[in-house]
Amino acid sequence: MASRKAGTRGKAAATKQAQRGSSNVFSMFEQAQIQEFKEAFSCIDQNRDGIICKSDLRETYSQLGKERPAWAGGEAGRPCPSHAPLPPGKVSVPEEELDAMLQEGKGPINFTVFLTLFGEKLNGTDPEEAILSAFRMFDPNGKGVVNKDEFKQLLLTQADKFSLAEVEQMFALTPMDLAGDIDYKSLCYIITHGDEKEE
């Protein structure tokens with residue numbers, strides 16, 4: 001009985017630690033999106049304990065038609081006897097990959113942590129300092145601005161080229177100084193924190 005209580009306390013502490021994720025994460029999504037994430041979370045949380053663990057991930061991959069990994073017992077590359085045959089070409093999921101998925105949560109993955117992880121992935125932005133550093137390459141005089149026309153030309157002709165419509169859309173939201181140049185410090189803030197006018 002004492003070990004059962006200790007196990008319950010340990011799980012409660014882990015759940016409380018997981019809840020310390022960003023409480024502001026719910027404001028990043030619309031209610032319909034949050035509902036879709038809840039449905040996805042419950043599909044992955046196979047044992048319905050409110051925390052995604054390695055066995056939940058294994059079972060989810062199994063249901064998606066992934067082959068039985070060697071660590072699952074039996075013969076690697078074969079489906080469990082109770083499952084229908086797998087389509088050809090499926091690969092097993094290594095234990096290290098499952099561990100890496102769980103480590104992204106930096107603790108137990110409850111719904112709030114799950115939503116936070118998706119928010120980080122969907123936002124996909126680099127830290128503000130990294131973005132500022134990239135813009136500084138186009139600002140050799142350190143004025144905090146980049147010439148709009150030169151930057152437009154780079155966006156249209158280099159690397160992952162923007163279309164003219166994409167450039168115009170970006171410039172519609174981009175802070176400009178009085179000379180019509182891009183105020184990249186303000187732009188970086190908008191990229192990493194959002195536009196306060198939208199809220």
# chains A, B, ... in the order shown; residues from 1 in each chain; ligands from 1
>>> residues_around(residues="stretch 99-101 of chain A", least_positions_apart="3", cutoff="10 Å", atoms="only C-alpha atoms", output="PyMOL selection string")
chain A and resi 53-54+57+94-96+104-106
>>> select_by_dssp(residues="stretch 131-173 of chain A", states="alpha helix (DSSP H)", output="count of residues only")
26
>>> residues_around(residues="stretch 126-140 of chain A", least_positions_apart="6", cutoff="7 Å", atoms="only C-alpha atoms", output="PyMOL selection string")
chain A and resi 146+184-185+188-189+192
>>> atom_distance(atom1="atom CA of A:Ile182", atom2="atom CA of A:Gly144")
8.4 Å
>>> closest_residue(among="A:Lys152, A:Pro108, A:Gly50, A:Glu59", to="A:Gln169", atoms="only C-alpha atoms")
A:Lys152
>>> residues_around(residues="A:Asn110", least_positions_apart="3", cutoff="7 Å", atoms="only C-alpha atoms", output="list of chain:residue names")
A:Ala18, A:Gly50, A:Ile51, A:Ile52, A:Val113, A:Phe114
>>> closest_residue(among="A:Leu64, A:Ile191, A:Val93, A:Leu117", to="A:Phe37", atoms="only C-alpha atoms")
A:Leu117
>>> atom_distance(atom1="atom CA of A:Gln153", atom2="atom CA of A:Asp181")
13.5 Å
